[in-house]
file final.tsv (TSV, C-alpha atoms and all ligand atoms)
chain	number	residue	atom	x	y	z
L	1	MET	CA	-97.38	21.31	45.54
L	2	ILE	CA	-94.79	21.76	42.82
L	3	SER	CA	-94.79	18.13	41.81
L	4	ARG	CA	-98.35	18.48	40.51
L	5	TYR	CA	-97.05	20.31	37.48
L	6	PRO	CA	-95.04	18.56	34.80
L	7	VAL	CA	-92.98	21.63	34.00
L	8	PHE	CA	-91.12	23.88	36.30
L	9	ILE	CA	-92.69	27.28	36.52
L	10	PRO	CA	-91.04	29.61	39.01
L	11	LYS	CA	-94.14	31.78	39.00
L	12	LEU	CA	-96.15	29.08	40.72
L	13	LEU	CA	-93.83	28.99	43.68
L	14	PRO	CA	-94.94	30.52	46.93
L	15	ARG	CA	-94.81	34.25	46.53
L	16	ASP	CA	-94.33	35.00	50.20
L	17	GLU	CA	-90.91	36.06	51.16
L	18	TYR	CA	-89.65	34.94	54.54
L	19	PHE	CA	-86.13	35.93	53.90
L	20	VAL	CA	-85.03	39.40	54.84
L	21	SER	CA	-82.36	41.00	52.79
L	22	GLY	CA	-79.77	42.80	54.77
L	23	ARG	CA	-76.11	43.26	55.30
L	24	ARG	CA	-75.40	39.79	56.58
L	25	SER	CA	-74.36	38.18	53.34
L	26	CYS	CA	-71.88	39.12	50.66
L	27	LYS	CA	-73.09	39.79	47.17
L	28	GLY	CA	-73.94	36.65	45.30
L	29	CYS	CA	-73.84	34.55	48.45
L	30	GLY	CA	-74.83	30.95	47.77
L	31	LYS	CA	-75.79	30.44	51.36
L	32	ALA	CA	-78.25	33.31	51.29
L	33	LEU	CA	-79.67	31.94	48.05
L	34	ALA	CA	-80.12	28.50	49.55
L	35	VAL	CA	-81.62	29.85	52.75
L	36	ARG	CA	-84.07	31.93	50.76
L	37	MET	CA	-85.23	28.95	48.73
L	38	ILE	CA	-85.46	26.72	51.76
L	39	SER	CA	-87.40	29.30	53.74
L	40	LYS	CA	-89.86	29.54	50.86
L	41	MET	CA	-90.50	25.83	51.11
L	42	ILE	CA	-90.78	25.73	54.87
L	43	GLY	CA	-93.16	28.63	54.82
L	44	LYS	CA	-95.21	29.39	57.86
L	45	ASP	CA	-95.27	25.85	59.15
L	46	VAL	CA	-92.00	26.45	60.84
L	47	SER	CA	-91.29	29.84	62.17
L	48	PHE	CA	-87.80	31.15	62.34
L	49	GLY	CA	-86.00	32.33	65.34
L	50	TYR	CA	-82.71	33.70	66.34
L	51	PRO	CA	-81.04	33.96	69.67
L	52	LYS	CA	-82.14	37.26	71.13
L	53	GLY	CA	-79.87	40.10	70.22
L	54	SER	CA	-78.71	38.69	66.91
L	55	SER	CA	-80.10	39.94	63.68
L	56	PRO	CA	-83.66	38.79	63.07
L	57	PHE	CA	-84.06	36.50	60.14
L	58	SER	CA	-87.69	36.94	59.39
L	59	ARG	CA	-90.79	38.52	60.73
L	60	TYR	CA	-91.53	35.32	62.64
L	61	ALA	CA	-88.48	35.95	64.70
L	62	GLN	CA	-90.30	35.98	68.01
L	63	ALA	CA	-91.38	32.36	67.88
L	64	GLY	CA	-89.21	29.75	69.42
L	65	VAL	CA	-88.01	27.72	66.49
L	66	GLY	CA	-84.61	28.08	65.06
L	67	LEU	CA	-83.13	28.12	61.64
L	68	THR	CA	-79.88	29.81	62.09
L	69	TRP	CA	-77.76	31.64	59.67
L	70	ASP	CA	-74.49	30.35	60.90
L	71	GLU	CA	-73.17	27.38	62.69
L	72	LEU	CA	-74.78	26.26	65.89
L	73	SER	CA	-73.22	23.88	68.28
L	74	SER	CA	-75.28	21.39	70.18
L	75	ASP	CA	-75.57	23.64	73.15
L	76	ASP	CA	-78.27	24.39	75.67
L	77	LEU	CA	-80.00	26.88	73.42
L	78	THR	CA	-80.57	24.33	70.67
L	79	ASP	CA	-81.67	21.74	73.15
L	80	SER	CA	-84.18	24.02	74.76
L	81	LEU	CA	-85.53	25.15	71.39
L	82	ILE	CA	-86.05	21.59	70.23
L	83	ASP	CA	-87.62	20.64	73.53
L	84	ARG	CA	-90.04	23.51	73.21
L	85	ILE	CA	-91.11	22.42	69.75
L	86	ILE	CA	-91.58	18.82	70.79
L	87	ALA	CA	-93.58	19.90	73.83
L	88	GLY	CA	-95.67	22.10	71.58
L	89	ASN	CA	-96.35	19.20	69.25
L	90	GLU	CA	-97.50	17.06	72.13
L	91	ARG	CA	-99.73	19.78	73.48
L	92	GLY	CA	-101.14	20.37	70.02
L	93	SER	CA	-101.99	16.75	69.47
L	94	GLU	CA	-103.65	16.50	72.89
L	95	ALA	CA	-105.76	19.60	72.49
L	96	GLU	CA	-109.13	19.01	70.91
L	97	GLY	CA	-110.68	21.12	68.27
L	98	PHE	CA	-107.40	21.86	66.61
L	99	ALA	CA	-106.27	20.37	63.39
L	100	LYS	CA	-103.34	18.16	64.14
L	101	ARG	CA	-100.33	20.00	62.88
L	102	ILE	CA	-96.92	18.75	63.67
L	103	ARG	CA	-94.21	21.33	63.54
L	104	LYS	CA	-90.67	20.40	62.88
L	105	ALA	CA	-87.54	21.93	64.18
L	106	VAL	CA	-85.39	23.13	61.35
L	107	ILE	CA	-81.82	23.73	62.26
L	108	GLY	CA	-79.22	25.21	60.02
L	109	ILE	CA	-75.67	24.26	60.82
L	110	ASP	CA	-72.44	24.85	59.08
L	111	ARG	CA	-70.46	21.93	57.79
L	112	ARG	CA	-67.45	23.14	59.76
L	113	ILE	CA	-69.04	21.76	62.90
L	114	PHE	CA	-68.24	18.24	61.70
L	115	SER	CA	-64.58	18.91	61.26
L	116	LYS	CA	-64.37	20.48	64.70
L	117	ASP	CA	-66.53	18.01	66.54
L	118	PRO	CA	-67.35	14.86	64.56
L	119	LEU	CA	-69.95	13.69	67.02
L	120	ALA	CA	-71.69	17.03	67.22
L	121	LEU	CA	-75.13	15.89	66.28
L	122	THR	CA	-75.19	12.32	67.44
L	123	GLY	CA	-76.41	13.17	70.91
L	124	ILE	CA	-79.37	15.22	69.82
L	125	LEU	CA	-80.32	12.86	67.03
L	126	LYS	CA	-80.36	9.82	69.28
L	127	GLU	CA	-82.71	11.43	71.76
L	128	LYS	CA	-85.06	13.50	69.69
L	129	LYS	CA	-87.28	12.94	66.72
L	130	GLY	CA	-88.63	15.20	64.07
L	131	ILE	CA	-85.70	17.44	63.41
L	132	ILE	CA	-84.60	18.50	59.98
L	133	TYR	CA	-80.97	19.48	59.77
L	134	ILE	CA	-79.87	21.70	56.97
L	135	CYS	CA	-76.13	21.60	56.66
L	136	TYR	CA	-74.52	24.45	54.75
L	137	ASP	CA	-71.55	23.06	52.97
L	138	SER	CA	-69.27	25.70	51.55
L	139	GLU	CA	-66.52	23.13	50.98
L	140	MET	CA	-64.42	24.41	53.84
L	141	TYR	CA	-62.73	21.03	54.03
L	142	MET	CA	-61.11	21.74	50.66
L	143	ASP	CA	-59.08	24.43	52.36
L	144	GLU	CA	-57.32	21.72	54.33
L	145	LEU	CA	-56.10	20.31	51.05
L	146	ILE	CA	-55.25	23.68	49.57
L	147	LYS	CA	-53.24	24.65	52.63
L	148	ARG	CA	-50.81	21.83	51.98
L	149	PHE	CA	-49.75	23.36	48.72
L	150	LEU	CA	-49.28	26.88	49.92
L	151	PRO	CA	-45.70	27.94	50.44
L	152	SER	CA	-45.53	27.93	54.18
L	153	MET	CA	-43.29	29.79	56.55
L	154	ASP	CA	-42.74	26.64	58.50
L	155	ALA	CA	-40.11	24.62	56.67
L	156	HIS	CA	-40.86	21.51	58.69
L	157	GLY	CA	-44.53	21.62	57.86
L	158	GLU	CA	-46.29	18.43	56.96
L	159	ASN	CA	-46.20	18.33	53.19
L	160	HIS	CA	-46.15	14.77	51.95
L	161	PRO	CA	-47.77	14.10	48.59
L	162	LEU	CA	-51.30	12.83	48.63
L	163	GLY	CA	-51.81	9.20	47.77
L	164	LYS	CA	-54.71	7.83	45.78
L	165	ASP	CA	-56.26	6.09	48.76
L	166	GLU	CA	-56.21	9.28	50.73
L	167	VAL	CA	-57.93	11.17	47.94
L	168	ARG	CA	-60.46	8.39	47.53
L	169	GLU	CA	-61.37	8.43	51.18
L	170	PHE	CA	-61.62	12.16	51.08
L	171	ILE	CA	-63.97	12.23	48.09
L	172	HIS	CA	-65.99	9.35	49.46
L	173	ASN	CA	-66.76	11.10	52.72
L	174	LYS	CA	-67.15	14.48	51.17
L	175	ASN	CA	-70.81	14.79	50.45
L	176	ILE	CA	-72.80	13.44	53.32
L	177	PRO	CA	-70.81	13.20	56.52
L	178	SER	CA	-70.83	9.59	57.59
L	179	GLN	CA	-71.18	10.61	61.22
L	180	ALA	CA	-74.56	12.01	60.41
L	181	LEU	CA	-75.70	8.91	58.56
L	182	GLU	CA	-74.71	6.60	61.35
L	183	SER	CA	-77.10	8.40	63.64
L	184	CYS	CA	-80.83	8.11	63.47
L	185	ILE	CA	-81.65	9.65	60.13
L	186	THR	CA	-84.60	8.57	58.03
L	187	TYR	CA	-84.02	10.87	55.14
L	188	ALA	CA	-80.80	12.29	53.82
L	189	ALA	CA	-80.14	14.23	50.67
L	190	THR	CA	-77.66	16.47	48.97
L	191	VAL	CA	-79.02	19.55	47.28
L	192	CYS	CA	-77.68	22.58	45.52
L	193	PRO	CA	-79.41	25.94	44.96
L	194	SER	CA	-78.56	25.79	41.25
L	195	TYR	CA	-81.28	23.15	41.00
L	196	PRO	CA	-84.10	24.93	42.80
L	197	LEU	CA	-86.83	22.43	42.00
L	198	ASP	CA	-84.75	19.54	43.25
L	199	LEU	CA	-83.87	21.49	46.39
L	200	MET	CA	-87.45	22.38	47.17
L	201	GLU	CA	-88.77	18.86	46.58
L	202	LYS	CA	-86.17	17.41	48.90
L	203	VAL	CA	-86.80	19.95	51.64
L	204	LYS	CA	-90.51	19.19	51.35
L	205	LYS	CA	-89.82	15.48	51.67
L	206	GLY	CA	-87.59	16.13	54.64
L	207	LEU	CA	-90.43	17.98	56.31
L	208	GLN	CA	-92.84	15.15	55.66
L	209	VAL	CA	-90.85	12.19	56.94
L	210	SER	CA	-91.58	11.20	60.49
L	211	GLY	CA	-88.00	10.80	61.67
L	212	ASN	CA	-85.01	13.03	61.40
L	213	ALA	CA	-83.86	14.40	58.11
L	214	PHE	CA	-80.47	15.61	57.04
L	215	ILE	CA	-80.00	17.83	54.03
L	216	ASN	CA	-76.59	18.85	52.82
L	217	VAL	CA	-76.65	22.05	50.78
L	218	LEU	CA	-73.75	23.05	48.59
L	219	THR	CA	-73.44	26.78	49.05
L	220	PRO	CA	-70.96	28.35	46.65
L	221	CYS	CA	-69.24	31.23	48.37
L	222	PRO	CA	-67.75	33.89	46.09
L	223	THR	CA	-65.78	35.47	48.89
L	224	THR	CA	-63.70	32.51	49.97
L	225	TRP	CA	-63.75	30.48	46.78
L	226	LEU	CA	-62.63	33.59	44.93
L	227	PHE	CA	-64.83	33.80	41.89
L	228	ASN	CA	-67.03	36.45	40.36
L	229	PRO	CA	-70.31	36.72	42.34
L	230	ASP	CA	-72.50	36.33	39.25
L	231	LEU	CA	-71.18	32.78	38.80
L	232	THR	CA	-72.69	31.44	42.02
L	233	ALA	CA	-75.35	29.37	40.29
L	234	HIS	CA	-72.97	28.33	37.53
L	235	MET	CA	-70.62	26.96	40.17
L	236	GLY	CA	-73.36	24.68	41.42
L	237	PHE	CA	-74.03	23.42	37.89
L	238	LEU	CA	-70.35	22.68	37.45
L	239	ALA	CA	-70.10	20.87	40.78
L	240	VAL	CA	-73.01	18.61	39.82
L	241	ASN	CA	-72.00	18.13	36.19
L	242	THR	CA	-68.43	17.21	36.98
L	243	GLY	CA	-69.63	14.58	39.42
L	244	PHE	CA	-67.82	16.28	42.26
L	245	TYR	CA	-71.07	16.86	44.11
L	246	PRO	CA	-73.70	14.36	42.95
L	247	LEU	CA	-77.28	15.09	43.89
L	248	VAL	CA	-78.46	12.04	45.77
L	249	GLU	CA	-81.24	11.08	48.08
L	250	LEU	CA	-81.27	8.36	50.70
L	251	GLU	CA	-84.74	7.40	51.70
L	252	SER	CA	-85.32	4.48	54.06
L	253	GLY	CA	-82.08	2.85	53.05
L	254	ARG	CA	-82.52	3.32	49.32
L	255	LEU	CA	-80.07	5.49	47.50
L	256	LYS	CA	-81.15	7.39	44.43
L	257	VAL	CA	-79.26	9.76	42.17
L	258	THR	CA	-81.78	12.46	41.41
L	259	LYS	CA	-79.74	14.26	38.79
L	260	ARG	CA	-78.03	11.72	36.63
L	261	VAL	CA	-75.16	13.11	34.59
L	262	LEU	CA	-74.48	10.93	31.56
L	263	LYS	CA	-71.27	12.54	30.44
L	264	LEU	CA	-69.21	14.06	33.21
L	265	GLN	CA	-67.46	17.34	32.55
L	266	PRO	CA	-63.74	17.44	33.34
L	267	LEU	CA	-63.11	18.31	36.94
L	268	ALA	CA	-60.56	20.92	35.89
L	269	ASP	CA	-63.46	23.08	34.64
L	270	TYR	CA	-64.72	23.36	38.18
L	271	PHE	CA	-61.32	24.09	39.67
L	272	LYS	CA	-60.32	26.53	36.97
L	273	VAL	CA	-63.02	29.06	37.79
L	274	GLN	CA	-62.13	29.22	41.45
L	275	GLN	CA	-59.01	31.15	42.19
L	276	ARG	CA	-58.46	29.35	45.46
L	277	TYR	CA	-57.37	26.24	43.58
L	278	ILE	CA	-54.43	27.99	41.97
L	279	PRO	CA	-51.87	26.28	44.25
L	280	PHE	CA	-53.17	22.83	43.25
L	281	PRO	CA	-50.59	20.92	41.21
L	282	PRO	CA	-51.92	19.41	37.96
L	283	GLU	CA	-51.06	15.87	39.11
L	284	LEU	CA	-53.42	16.19	42.02
L	285	ILE	CA	-56.22	17.40	39.78
L	286	SER	CA	-55.81	14.44	37.43
L	287	LEU	CA	-55.67	12.09	40.41
L	288	MET	CA	-58.85	13.61	41.78
L	289	GLN	CA	-60.46	13.36	38.36
L	290	GLU	CA	-59.81	9.60	38.28
L	291	VAL	CA	-61.18	9.14	41.75
L	292	VAL	CA	-64.27	11.26	41.07
L	293	ILE	CA	-65.12	9.20	37.98
L	294	GLU	CA	-64.60	5.95	39.88
L	295	GLU	CA	-66.73	7.11	42.75
L	296	TYR	CA	-69.46	8.33	40.43
L	297	GLU	CA	-69.57	5.01	38.63
L	298	LYS	CA	-69.70	3.19	41.92
L	299	LEU	CA	-72.53	5.43	43.03
L	300	THR	CA	-74.63	4.90	39.92
L	301	ALA	CA	-73.96	1.15	39.98
L	302	ARG	CA	-75.08	1.05	43.58
L	303	THR	CA	-78.32	2.86	42.87
L	304	GLU	CA	-79.11	0.76	39.83
L	305	GLY	CA	-78.52	-2.44	41.74
L	306	LYS	CA	-80.81	-1.39	44.52
L	307	GLY	CA	-83.38	0.30	42.34
L	308	LYS	CA	-84.33	-2.79	40.38
M	1	MET	CA	-94.15	44.78	46.91
M	2	ILE	CA	-93.52	42.22	49.57
M	3	ASP	CA	-93.77	43.61	53.03
M	4	LEU	CA	-90.48	43.05	54.72
M	5	THR	CA	-89.30	43.91	58.12
M	6	ILE	CA	-85.97	45.57	58.06
M	7	THR	CA	-83.51	45.50	60.87
M	8	GLU	CA	-83.08	48.83	62.53
M	9	GLU	CA	-79.60	49.50	61.26
M	10	PHE	CA	-80.42	48.59	57.70
M	11	HIS	CA	-80.79	51.48	55.30
M	12	SER	CA	-79.80	50.38	51.87
M	13	ASN	CA	-77.39	48.15	50.03
M	14	GLN	CA	-76.59	50.87	47.54
M	15	ASP	CA	-73.08	51.41	48.78
M	16	TRP	CA	-72.19	47.79	48.04
M	17	ARG	CA	-73.18	48.00	44.46
M	18	ASN	CA	-71.11	49.05	41.52
M	19	SER	CA	-73.59	48.05	38.83
M	20	LYS	CA	-77.33	47.66	38.82
M	21	PRO	CA	-79.54	45.29	36.83
M	22	VAL	CA	-81.70	46.90	34.13
M	23	TRP	CA	-84.56	44.96	32.55
M	24	ASP	CA	-85.34	45.07	28.86
M	25	LYS	CA	-89.08	44.50	28.85
M	26	GLU	CA	-89.19	43.76	25.13
M	27	LYS	CA	-87.19	40.58	25.49
M	28	CYS	CA	-88.50	39.41	28.86
M	29	VAL	CA	-90.72	36.34	28.73
M	30	GLN	CA	-91.81	36.70	32.36
M	31	CYS	CA	-90.53	33.30	33.38
M	32	GLY	CA	-89.50	34.33	36.87
M	33	ILE	CA	-86.09	32.75	36.91
M	34	CYS	CA	-84.43	36.02	37.86
M	35	TYR	CA	-86.80	36.23	40.81
M	36	LEU	CA	-85.91	32.74	41.92
M	37	PHE	CA	-82.17	33.19	41.75
M	38	CYS	CA	-81.74	36.52	43.48
M	39	PRO	CA	-79.92	35.77	46.75
M	40	ASP	CA	-81.28	38.89	48.37
M	41	GLY	CA	-84.91	38.70	47.38
M	42	ALA	CA	-84.53	42.00	45.60
M	43	VAL	CA	-86.40	41.09	42.42
M	44	CYS	CA	-90.10	41.87	42.57
M	45	LEU	CA	-93.05	42.10	40.21
M	46	ASP	CA	-94.38	45.41	38.96
M	47	GLU	CA	-98.00	46.09	38.00
M	48	GLU	CA	-97.60	44.92	34.42
M	49	GLY	CA	-96.23	41.53	35.44
M	50	TYR	CA	-92.63	42.31	34.60
M	51	TYR	CA	-89.81	41.89	37.04
M	52	GLN	CA	-87.61	44.62	38.37
M	53	ALA	CA	-85.14	45.05	41.18
M	54	GLU	CA	-85.85	46.76	44.44
M	55	LEU	CA	-82.72	48.82	44.43
M	56	ASP	CA	-82.50	49.23	48.17
M	57	TYR	CA	-82.00	45.50	48.53
M	58	CYS	CA	-80.02	44.78	45.40
M	59	LYS	CA	-76.32	44.23	45.93
M	60	GLY	CA	-75.47	44.16	42.27
M	61	CYS	CA	-74.15	40.62	42.15
M	62	GLY	CA	-75.34	40.03	38.59
M	63	LEU	CA	-76.73	36.57	39.28
M	64	CYS	CA	-80.13	37.49	37.83
M	65	SER	CA	-78.49	38.73	34.68
M	66	ARG	CA	-76.40	35.58	34.35
M	67	GLN	CA	-79.33	33.22	34.87
M	68	CYS	CA	-81.87	34.94	32.60
M	69	PRO	CA	-82.58	32.61	29.64
M	70	THR	CA	-83.27	35.44	27.20
M	71	LYS	CA	-80.36	37.59	28.40
M	72	CYS	CA	-82.57	40.62	28.81
M	73	ILE	CA	-81.04	41.90	32.02
M	74	SER	CA	-78.00	44.06	31.52
M	75	MET	CA	-75.80	45.29	34.31
M	76	GLU	CA	-75.50	49.03	34.14
M	77	GLU	CA	-72.39	50.59	35.66
M	78	GLU	CA	-72.98	52.77	38.64
M	79	VAL	CA	-70.63	54.86	40.64
M	80	ALA	CA	-70.17	53.11	43.94
M	81	ARG	CA	-71.44	55.24	46.76
M	82	LEU	CA	-69.71	55.36	50.07
M	83	PRO	CA	-71.68	54.71	53.25
M	84	TRP	CA	-71.92	58.37	54.21
M	85	GLN	CA	-73.21	59.28	50.79
M	86	VAL	CA	-76.31	57.12	50.99
M	87	ARG	CA	-79.41	59.26	51.35
Z	1	LIG	S1	-68.40	34.60	53.15
Z	1	LIG	FE1	-69.38	33.27	51.64
Z	1	LIG	S2	-71.03	32.21	52.75
Z	1	LIG	FE2	-70.39	33.97	53.99
Z	1	LIG	S3	-71.81	35.62	53.42
Z	1	LIG	FE3	-69.98	35.82	52.12
Z	1	LIG	S4	-70.46	34.67	50.26
Z	1	LIG	FE4	-71.92	34.04	51.82
Z	2	LIG	S1	-85.33	35.57	33.84
Z	2	LIG	FE1	-85.25	37.05	32.16
Z	2	LIG	S2	-86.94	36.45	30.79
Z	2	LIG	FE2	-87.30	35.43	32.78
Z	2	LIG	S3	-88.63	36.88	33.90
Z	2	LIG	FE3	-86.52	37.36	34.49
Z	2	LIG	S4	-85.92	38.99	33.07
Z	2	LIG	FE4	-87.74	38.03	32.19
Z	3	LIG	S1	-77.99	41.94	40.82
Z	3	LIG	FE1	-78.04	40.31	42.39
Z	3	LIG	S2	-79.01	41.30	44.19
Z	3	LIG	FE2	-79.45	42.60	42.40
Z	3	LIG	S3	-81.44	41.89	41.68
Z	3	LIG	FE3	-79.90	40.76	40.50
Z	3	LIG	S4	-79.58	38.86	41.64
Z	3	LIG	FE4	-80.66	40.29	43.02
call {"tool": "encode", "arguments": {"input": "final.tsv", "output": "structure tokens", "more": "lines below"}}
Ligand code: SF4
Ligand code: SF4
Ligand code: SF4
result
Amino acid sequence: MISRYPVFIPKLLPRDEYFVSGRRSCKGCGKALAVRMISKMIGKDVSFGYPKGSSPFSRYAQAGVGLTWDELSSDDLTDSLIDRIIAGNERGSEAEGFAKRIRKAVIGIDRRIFSKDPLALTGILKEKKGIIYICYDSEMYMDELIKRFLPSMDAHGENHPLGKDEVREFIHNKNIPSQALESCITYAATVCPSYPLDLMEKVKKGLQVSGNAFINVLTPCPTTWLFNPDLTAHMGFLAVNTGFYPLVELESGRLKVTKRVLKLQPLADYFKVQQRYIPFPPELISLMQEVVIEEYEKLTARTEGKGK
Amino acid sequence: MIDLTITEEFHSNQDWRNSKPVWDKEKCVQCGICYLFCPDGAVCLDEEGYYQAELDYCKGCGLCSRQCPTKCISMEEEVARLPWQVR
């Protein structure tokens, strides 16, 4: 619907609000912002649900489809929800007199699930079709790096300096978890709420593809990244413009950079605003800067090669 | 205003806020960017087509003010209210 217009006019976006403000999120929460935008795009086609007893997310809370606020493991609840949707789809397509409307299961998970259990999604993805996974990525994995530079009580703690290869591997796997890509995914993308149009287009595409979709959302978090809450959107701009979090799209094997940055900003700009990076030594930042530029060049070269 | 269901315990976000957004209608070009970027869905349209914040939902993060292209939203200091002082 948005792509019909050459310019981006927020006023033309769906006016309905499916997101309920409440006390669940901190002020300036990037996750809440992303969820609100995503829920606008999903609209009524997918209704939202929550396990009974938790805070309702929207007024469609009674229906049996889940988009959760926080992480969800691949437990029985998820399985039964997805089964219900798939059964509903089948019933809907059998019934006559109804317009054929396929509903998709939208599941919000937190990125942390991958560090705890790398194969978390593989099982579900192999068996079931038509699921769109929205993965909230508040860069929790960076804390692992930061922890190494904190003065620790434990004198024998593991504190060897990071090598370039290690950093490279880290940056390479950062954006879309490779475990997810190895499973049955037809569409994968990285989005960021600072680029609302991009986000909404990709969510729309994810809803339209017939297989499974995986969308990684960068959700700046003022509370744990330690920055002023009014900079939430700015943080997303910086992440994209420094090349630390490129906005890409992988559609049927073809990789595309949707927001091409011609001149990358120095990575230090991104780290400087967040107080949590204070323990980072300058050498590490310059090492990361090198790797980020290399990776970004590799990425653009890869897309150009395949695009032509 | 959008009709929203509120959870039973929810009263207001006023006690979380130490400044509130104030719109300068002279400078506003009605682009809707503030509406899009509010993480709490607090920005709504008034009858004249201008935007304003629903102060029960607003948490005072200042994101709308930061994103506005014409810089017409200013954050006005407020005395933070404690939970038992709300209503
Ligand atoms: S901790 Fe971060 S992600 Fe969680 S509600 Fe607060 S700002 Fe949002
Ligand atoms: S972003 Fe600024 S100019 Fe645009 S509608 Fe909001 S207040 Fe008006
Ligand atoms: S200050 Fe924050 S919560 Fe309040 S209206 Fe602006 S963006 Fe929304």
call {"tool": "axis_aligned_box", "arguments": {"input": "final.tsv", "around": "ligand LIG 1 (chain Z)", "padding_each_side": "3 Å", "output": "AutoDock Vina command-line options"}}
result
--center_x -70.2 --center_y 34.0 --center_z 52.1 --size_x 9.5 --size_y 9.6 --size_z 9.7
call {"tool": "interface_residues", "arguments": {"input": "final.tsv", "of": "chain M", "to": "chain L", "cutoff": "6 Å", "atoms": "all atoms listed in the file", "output": "PyMOL selection string"}}
result
chain M and resi 32+39-40+59+61-63
call {"tool": "residues_near_ligand", "arguments": {"input": "final.tsv", "ligand": "ligand LIG 2 (chain Z)", "cutoff": "6 Å", "atoms": "all atoms listed in the file", "output": "PDB file with C-alpha atoms, in the frame of the given file"}}
result
ATOM      1  CA  CYS M  28     -88.500  39.410  28.860  1.00  0.00           C
ATOM      2  CA  VAL M  29     -90.720  36.340  28.730  1.00  0.00           C
ATOM      3  CA  GLN M  30     -91.810  36.700  32.360  1.00  0.00           C
ATOM      4  CA  CYS M  31     -90.530  33.300  33.380  1.00  0.00           C
ATOM      5  CA  GLY M  32     -89.500  34.330  36.870  1.00  0.00           C
ATOM      6  CA  ILE M  33     -86.090  32.750  36.910  1.00  0.00           C
ATOM      7  CA  CYS M  34     -84.430  36.020  37.860  1.00  0.00           C
ATOM      8  CA  CYS M  68     -81.870  34.940  32.600  1.00  0.00           C
ATOM      9  CA  PRO M  69     -82.580  32.610  29.640  1.00  0.00           C
ATOM     10  CA  THR M  70     -83.270  35.440  27.200  1.00  0.00           C
ATOM     11  CA  CYS M  72     -82.570  40.620  28.810  1.00  0.00           C
ATOM     12  CA  ILE M  73     -81.040  41.900  32.020  1.00  0.00           C
TER      13      ILE M  73
END
call {"tool": "closest_residue", "arguments": {"input": "final.tsv", "among": "M:Lys25, M:Gln14, M:Gly60, M:Glu48", "to": "Glu76 (chain M)", "atoms": "all atoms listed in the file"}}
result
M:Gly60
call {"tool": "closest_residue", "arguments": {"input": "final.tsv", "among": "L:Phe227, L:Tyr245, L:Phe237, L:Tyr133", "to": "ligand LIG 1 (chain Z)", "atoms": "all atoms listed in the file"}}
result
L:Phe227
call {"tool": "closest_residue", "arguments": {"input": "final.tsv", "among": "L:Ser39, L:Phe149, L:Asp165, L:Met142", "to": "Gly108 (chain L)", "atoms": "all atoms listed in the file"}}
result
L:Ser39
call {"tool": "atom_distance", "arguments": {"input": "final.tsv", "atom1": "CA of Gly163 (chain L)", "atom2": "CA of Leu247 (chain L)"}}
result
26.4 Å
call {"tool": "residues_around", "arguments": {"input": "final.tsv", "residues": "Val43 (chain M)", "least_positions_apart": "3", "cutoff": "8 Å", "atoms": "only C-alpha atoms", "output": "list in words"}}
result
Cys34, Tyr35, Cys38, Tyr51, Gln52, Ala53, Glu54 and Cys58 of chain M
call {"tool": "atom_distance", "arguments": {"input": "final.tsv", "atom1": "CA of Pro14 (chain L)", "atom2": "atom S2 of ligand LIG 1 (chain Z)"}}
result
24.7 Å
call {"tool": "closest_residue", "arguments": {"input": "final.tsv", "among": "L:Pro266, L:Pro222, L:Gly253, L:Gly236", "to": "ligand LIG 1 (chain Z)", "atoms": "only C-alpha atoms and all ligand atoms"}}
result
L:Pro222
call {"tool": "closest_residue", "arguments": {"input": "final.tsv", "among": "L:Ala105, L:Val257, L:Ile278, L:Cys221", "to": "ligand LIG 1 (chain Z)", "atoms": "all atoms listed in the file"}}
result
L:Cys221
call {"tool": "atom_distance", "arguments": {"input": "final.tsv", "atom1": "CA of Ser74 (chain M)", "atom2": "CA of Tyr50 (chain M)"}}
result
15.1 Å
call {"tool": "closest_residue", "arguments": {"input": "final.tsv", "among": "M:Glu26, M:Asp15, M:Asp56, M:Asp46", "to": "ligand LIG 3 (chain Z)", "atoms": "all atoms listed in the file"}}
result
M:Asp56
